[in-house]
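A.B. asks: One file: protein.cif (mmCIF, C-alpha atoms).
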```
data_final
loop_
_atom_site.label_atom_id
_atom_site.label_comp_id
_atom_site.auth_asym_id
_atom_site.auth_seq_id
_atom_site.Cartn_x
_atom_site.Cartn_y
_atom_site.Cartn_z
CA MET A 24 145.84 93.74 97.31
CA GLU A 25 146.26 92.48 100.86
CA THR A 26 146.05 88.75 101.44
CA LYS A 27 142.83 87.53 103.04
CA ARG A 28 142.05 84.27 104.79
CA THR A 29 141.18 81.39 102.49
CA ALA A 30 137.83 79.61 102.74
CA ALA A 31 139.50 76.79 104.67
CA GLU A 32 141.04 79.26 107.12
CA ILE A 33 137.70 81.00 107.58
CA GLY A 34 136.10 77.63 108.30
CA ARG A 35 138.70 76.87 110.96
CA TYR A 36 138.21 80.32 112.50
CA PHE A 37 134.47 79.78 112.84
CA ASN A 38 134.97 76.32 114.32
CA GLY A 39 136.17 78.20 117.40
CA GLU A 40 133.24 80.65 117.45
CA VAL A 41 130.34 78.23 117.86
CA GLU A 42 129.37 79.20 121.40
CA ARG A 43 129.40 82.92 120.64
CA PHE A 44 127.26 82.57 117.52
CA SER A 45 124.83 80.23 119.27
CA ASP A 46 123.94 83.14 121.55
CA LEU A 47 121.91 85.57 119.46
CA ALA A 48 122.77 88.58 121.61
CA LYS A 49 126.52 87.93 121.69
CA GLY A 50 126.85 86.62 118.14
CA GLN A 51 125.27 89.67 116.55
CA ALA A 52 126.33 92.34 119.03
CA SER A 53 128.71 93.87 116.46
CA ILE A 54 125.92 94.32 113.88
CA LYS A 55 123.86 97.48 114.09
CA ASP A 56 120.14 96.60 114.03
CA ALA A 57 120.77 92.85 113.77
CA ARG A 58 117.44 91.87 115.32
CA LEU A 59 115.53 94.32 113.14
CA MET A 60 117.14 92.93 109.98
CA MET A 61 116.32 89.34 110.99
CA ASP A 62 112.69 90.31 111.48
CA LEU A 63 112.56 92.21 108.19
CA LEU A 64 113.92 89.21 106.28
CA ALA A 65 111.33 86.90 107.80
CA GLU A 66 108.49 89.37 107.20
CA THR A 67 109.62 89.88 103.60
CA ALA A 68 109.68 86.14 103.00
CA SER A 69 106.20 85.80 104.48
CA ALA A 70 104.89 88.50 102.14
CA LEU A 71 106.63 87.34 98.95
CA VAL A 72 106.68 83.55 99.25
CA PRO A 73 103.90 82.62 101.72
CA GLU A 74 103.76 79.02 100.43
CA THR A 75 107.40 78.27 101.27
CA HIS A 76 108.29 74.58 101.40
CA ALA A 77 112.09 74.59 101.15
CA ILE A 78 114.65 76.94 102.74
CA LEU A 79 118.39 77.11 102.07
CA ASP A 80 120.48 78.79 104.78
CA ILE A 81 123.80 79.75 103.15
CA GLY A 82 126.60 80.04 105.68
CA CYS A 83 124.12 79.00 108.35
CA GLY A 84 126.47 79.48 111.29
CA ALA A 85 124.75 78.23 114.43
CA GLY A 86 121.33 78.29 112.75
CA ASN A 87 119.85 81.58 113.90
CA GLN A 88 118.40 82.59 110.52
CA ALA A 89 116.86 79.19 109.88
CA LEU A 90 115.30 79.19 113.35
CA ASN A 91 113.85 82.64 112.71
CA LEU A 92 112.35 81.59 109.36
CA LEU A 93 110.90 78.40 110.83
CA GLN A 94 108.80 80.56 113.13
CA VAL A 95 107.07 81.81 109.97
CA PHE A 96 107.23 78.54 107.98
CA PRO A 97 107.10 75.75 110.59
CA ALA A 98 106.52 72.98 108.03
CA ALA A 99 109.34 73.98 105.67
CA GLU A 100 112.33 71.73 104.95
CA CYS A 101 115.62 73.39 105.91
CA THR A 102 118.91 72.78 104.13
CA LEU A 103 121.84 74.12 106.15
CA LEU A 104 125.13 74.93 104.41
CA ASP A 105 128.37 75.94 106.11
CA ILE A 106 132.12 75.49 105.64
CA SER A 107 132.61 75.06 109.41
CA PRO A 108 131.75 71.51 110.52
CA ALA A 109 131.42 72.63 114.13
CA MET A 110 128.97 75.40 113.23
CA LEU A 111 127.03 73.04 110.97
CA GLU A 112 126.70 70.42 113.69
CA ARG A 113 125.38 73.00 116.16
CA ALA A 114 122.95 74.41 113.60
CA LYS A 115 121.66 70.93 112.75
CA GLU A 116 121.14 70.22 116.45
CA ARG A 117 119.32 73.49 117.13
CA VAL A 118 117.20 73.58 113.97
CA GLY A 119 116.45 69.87 114.15
CA ALA A 120 115.00 70.34 117.61
CA VAL A 121 112.17 72.50 116.25
CA ALA A 122 111.82 71.44 112.60
CA SER A 123 108.84 69.30 111.65
CA VAL A 124 110.77 67.45 108.90
CA PRO A 125 114.37 66.16 108.87
CA VAL A 126 117.03 68.85 108.46
CA ILE A 127 119.54 68.49 105.61
CA ALA A 128 123.09 69.53 106.53
CA VAL A 129 125.68 70.13 103.82
CA GLU A 130 129.28 70.89 104.73
CA GLY A 131 130.78 73.10 102.04
CA ASP A 132 131.05 76.41 100.24
CA ILE A 133 128.13 77.84 98.26
CA ARG A 134 130.48 78.27 95.31
CA THR A 135 131.23 74.56 95.03
CA ALA A 136 128.60 72.66 97.04
CA GLU A 137 126.35 70.27 95.11
CA LEU A 138 122.79 71.41 95.74
CA PRO A 139 119.55 70.71 93.85
CA GLN A 140 118.71 73.31 91.22
CA GLY A 141 115.32 74.99 91.26
CA LYS A 142 114.36 73.51 94.64
CA PHE A 143 114.29 76.39 97.10
CA ASP A 144 111.59 78.96 97.79
CA ILE A 145 113.99 80.92 100.03
CA ALA A 146 117.75 81.26 100.11
CA VAL A 147 118.99 83.29 103.06
CA ALA A 148 122.56 84.57 103.27
CA ALA A 149 123.27 86.43 106.51
CA ALA A 150 126.76 87.78 107.24
CA VAL A 151 128.38 85.46 104.69
CA LEU A 152 128.62 87.01 101.22
CA HIS A 153 131.25 89.49 102.39
CA HIS A 154 133.69 86.55 102.22
CA LEU A 155 133.43 86.62 98.42
CA ARG A 156 136.44 88.18 96.73
CA ASP A 157 136.58 89.76 93.26
CA GLU A 158 133.71 90.80 90.98
CA ALA A 159 133.77 87.49 89.11
CA ASP A 160 133.40 85.62 92.40
CA TRP A 161 130.34 87.66 93.34
CA LYS A 162 128.75 87.15 89.92
CA ARG A 163 129.36 83.39 89.89
CA THR A 164 127.90 83.05 93.38
CA PHE A 165 124.80 85.09 92.60
CA ALA A 166 124.32 83.02 89.44
CA LYS A 167 124.59 79.82 91.49
CA ILE A 168 122.00 81.07 93.98
CA HIS A 169 119.68 82.09 91.13
CA SER A 170 119.87 78.54 89.75
CA LEU A 171 118.96 77.02 93.13
CA LEU A 172 115.78 79.07 93.56
CA LYS A 173 112.38 78.19 92.15
CA PRO A 174 110.73 80.75 89.85
CA GLY A 175 109.22 83.21 92.30
CA GLY A 176 111.77 82.27 94.96
CA VAL A 177 113.57 84.93 96.96
CA LEU A 178 117.13 85.58 98.08
CA LEU A 179 117.28 87.27 101.49
CA VAL A 180 120.53 89.01 102.44
CA SER A 181 121.77 90.84 105.51
CA ASP A 182 125.45 91.64 105.46
CA LEU A 183 128.45 93.86 105.85
CA ILE A 184 128.77 96.24 102.90
CA CYS A 185 131.16 98.93 101.72
CA HIS A 186 130.64 102.22 99.89
CA ALA A 187 131.96 102.97 96.42
CA ASN A 188 133.06 106.49 97.34
CA PRO A 189 136.24 106.20 99.48
CA LYS A 190 135.43 109.36 101.46
CA ILE A 191 132.01 108.01 102.40
CA GLU A 192 133.50 104.60 103.17
CA ALA A 193 136.05 106.18 105.49
CA ASN A 194 133.33 108.14 107.30
CA PHE A 195 131.16 105.07 107.87
CA LYS A 196 134.15 103.04 109.08
CA VAL A 197 134.85 105.70 111.71
CA ARG A 198 131.23 105.58 112.83
CA GLN A 199 131.25 101.77 112.93
CA GLU A 200 134.42 101.72 115.00
CA ALA A 201 132.90 104.18 117.47
CA PHE A 202 129.77 102.01 117.73
CA LEU A 203 131.86 98.87 118.40
CA ARG A 204 133.99 100.54 121.05
CA GLU A 205 130.95 101.92 122.85
CA ALA A 206 128.91 98.71 122.62
CA LEU A 207 131.62 96.10 123.21
CA GLY A 208 134.68 97.81 124.64
CA ASP A 209 138.05 98.52 123.06
CA ALA A 210 139.50 95.00 123.16
CA GLU A 211 136.52 93.31 121.51
CA ALA A 212 136.15 96.15 119.00
CA GLU A 213 139.77 95.75 117.94
CA ARG A 214 139.37 91.97 117.67
CA ILE A 215 136.37 92.37 115.38
CA MET A 216 138.05 95.02 113.24
CA GLN A 217 141.10 92.79 112.85
CA SER A 218 138.91 89.86 111.85
CA ILE A 219 137.24 92.01 109.19
CA ALA A 220 140.64 93.10 107.89
CA ASP A 221 141.82 89.48 107.78
CA SER A 222 138.76 87.85 106.23
CA ASP A 223 136.27 90.19 104.61
CA THR A 224 135.83 91.85 101.21
CA PRO A 225 132.38 93.45 101.22
CA SER A 226 131.05 95.18 98.11
CA PRO A 227 128.79 98.19 97.53
CA LEU A 228 125.04 97.65 97.33
CA GLU A 229 124.95 99.28 93.89
CA PHE A 230 127.32 96.62 92.56
CA GLN A 231 125.39 93.76 94.16
CA PHE A 232 122.03 95.02 92.89
CA GLY A 233 123.42 95.47 89.38
CA CYS A 234 124.76 91.91 89.34
CA LEU A 235 121.50 90.46 90.60
CA ARG A 236 119.43 92.24 87.96
CA GLN A 237 121.88 91.30 85.21
CA LEU A 238 121.65 87.66 86.25
CA GLY A 239 117.88 87.56 85.98
CA PHE A 240 116.42 88.55 89.34
CA ARG A 241 113.32 90.53 88.39
CA GLU A 242 113.04 92.60 91.57
CA VAL A 243 115.78 93.78 93.93
CA ALA A 244 115.11 96.16 96.81
CA LEU A 245 116.74 97.48 99.95
CA LEU A 246 114.99 96.71 103.22
CA HIS A 247 117.30 98.47 105.68
CA LYS A 248 120.72 100.08 105.96
CA ASN A 249 122.61 101.42 108.97
CA LEU A 250 126.34 102.25 108.90
CA VAL A 251 128.15 99.34 107.22
CA PHE A 252 125.32 96.79 107.38
CA ALA A 253 122.32 96.35 105.11
CA ALA A 254 119.44 93.99 104.38
CA TYR A 255 117.79 93.43 101.02
CA TYR A 256 115.85 90.92 98.94
CA ALA A 257 116.08 89.71 95.34
CA LEU A 258 113.07 88.01 93.74
CA LYS A 259 113.56 85.48 90.94
#
```
Step by step, read the file and then write its structure as structure tokens.

C.D. replies:
Amino acid sequence: METKRTAAEIGRYFNGEVERFSDLAKGQASIKDARLMMDLLAETASALVPETHAILDIGCGAGNQALNLLQVFPAAECTLLDISPAMLERAKERVGAVASVPVIAVEGDIRTAELPQGKFDIAVAAAVLHHLRDEADWKRTFAKIHSLLKPGGVLLVSDLICHANPKIEANFKVRQEAFLREALGDAEAERIMQSIADSDTPSPLEFQFGCLRQLGFREVALLHKNLVFAAYYALK
């Protein structure tokens, strides 16, 4: 198995990407239907947990997901979690500017961060879970998230995925590369593809959904999928 960046190396990489990810258009330009998936996550949260009081943004980056959810839940308390101190500082600044209650910022990894169990109505994980590694890592992380949610709470995910069938995976990778080259140009497309090769280990939706159900989420459903990106929810 090829060596991937460690969590610390990923954190240092994203320290240098703050400006790009603070710009919604630039930061998500490589993700097919990024805006649509953001809207679907917010709409799903509004439908399933309309009385939301506490939001956890896992791998918050520059705060785009939290900002989007605060448009639906303006009085909610936001806890921001990220391994990049530079990203976390920017997210705290941006989210704090619109939040009605103080923002909680936690520097760390979802796998090891100390967070209050059973507190959150919503946990959102956007473009972050693909940094998990083997099956055990995915299961431990999903179990941790389950423990942090209130009964009736929801996990919202939008992320890079892969396909279990290698022929299908190869086909979608070709399509994704063509999309990147057309949308961003060859140099930026190659930079993004190299970053994925260096850092990412996405998993198939079927595997993720199976883990979530096994761990006690009572409802798991796909919201959207296009090429190698998907959005879904899991209800505790």

A.B. asks: If the PyMOL selection byres ((chain A and resi 167) around 10) were run on this exact file, what residues would it hold? Put them as a ChimeraX atom specification.

C.D. replies: /A:133-136,138,140,161-166,168-172,238

A.B. asks: At most 9 Å from (125.8, 63.5, 111.1), file frame, all atoms listed in the file: which residues, as a PyMOL selection string?

C.D. replies: chain A and resi 112+115+128

A.B. asks: Excluding same-chain residues fewer than 3 positions from Asp157 (chain A), what lies within 10 Å of it counting all atoms listed in the file, as a PyMOL selection string?

C.D. replies: chain A and resi 154+160-162+224-226

A.B. asks: Since I can't run it myself right now, could you work out what the PyMOL selection byres ((chain A and resi 31) around 10) selects here and report it as an NGL selection string?

C.D. replies: :A and (28-30 or 32-36 or 106-107 or 131-132)

A.B. asks: For the residues selected in the previous step, produce a file with C-alpha atoms as a CSV table (one decimal), in the frame of the given file.

C.D. replies:
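Contents of result10.csv, freshly written:
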```
chain,number,residue,atom,x,y,z
A,28,ARG,CA,142.0,84.3,104.8
A,29,THR,CA,141.2,81.4,102.5
A,30,ALA,CA,137.8,79.6,102.7
A,32,GLU,CA,141.0,79.3,107.1
A,33,ILE,CA,137.7,81.0,107.6
A,34,GLY,CA,136.1,77.6,108.3
A,35,ARG,CA,138.7,76.9,111.0
A,36,TYR,CA,138.2,80.3,112.5
A,106,ILE,CA,132.1,75.5,105.6
A,107,SER,CA,132.6,75.1,109.4
A,131,GLY,CA,130.8,73.1,102.0
A,132,ASP,CA,131.0,76.4,100.2
```

A.B. asks: I'd like the neighbourhood of region 67-79 of chain A as a PyMOL selection string, where a residue qualifies if any of its atoms comes within 7 Å (using all atoms listed in the file), though same-chain residues fewer than 4 positions away should be ignored.

C.D. replies: chain A and resi 63+95-96+99-103+142-147+176

A.B. asks: Could you check how far CA of Ser53 (chain A) sits from CA of Ala85 (chain A), in Å to one decimal?

C.D. replies: 16.3 Å

A.B. asks: Skip Ile184 (chain A) itself and residues of its chain fewer than 5 positions away, then list as a list of chain:residue names all residues within 7 Å of it, counting all atoms listed in the file.

C.D. replies: A:Pro225, A:Ser226, A:Pro227, A:Leu228, A:Val251, A:Phe252, A:Ala253

A.B. asks: From the list A:Asp62, A:His153, A:His247, A:Asp105, which residue is nearest Ala220 (chain A) when using all atoms listed in the file?

C.D. replies: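 Among the listed residues, the smallest separation from Ala220 (chain A) belongs to A:His153.
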
A.B. asks: Just say which residues the PyMOL selection byres ((chain A and resi 236) around 12) picks in this file, as an MDAnalysis selection string.

C.D. replies: chainID A and resid 162 165:166 169 229:235 237:244 256:259

A.B. asks: With distances taken over only C-alpha atoms, which of A:Ala52, A:Ala109, A:Met61, A:Ala254 is nearest to Phe37 (chain A)?

C.D. replies: A:Ala109

A.B. asks: Which is closer to Phe202 (chain A) than all the others in A:Gln217, A:Val129, A:Ile54, A:Leu179, using all atoms listed in the file?

C.D. replies: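 Nearest candidate to Phe202 (chain A) out of A:Gln217, A:Val129, A:Ile54, A:Leu179: A:Ile54.
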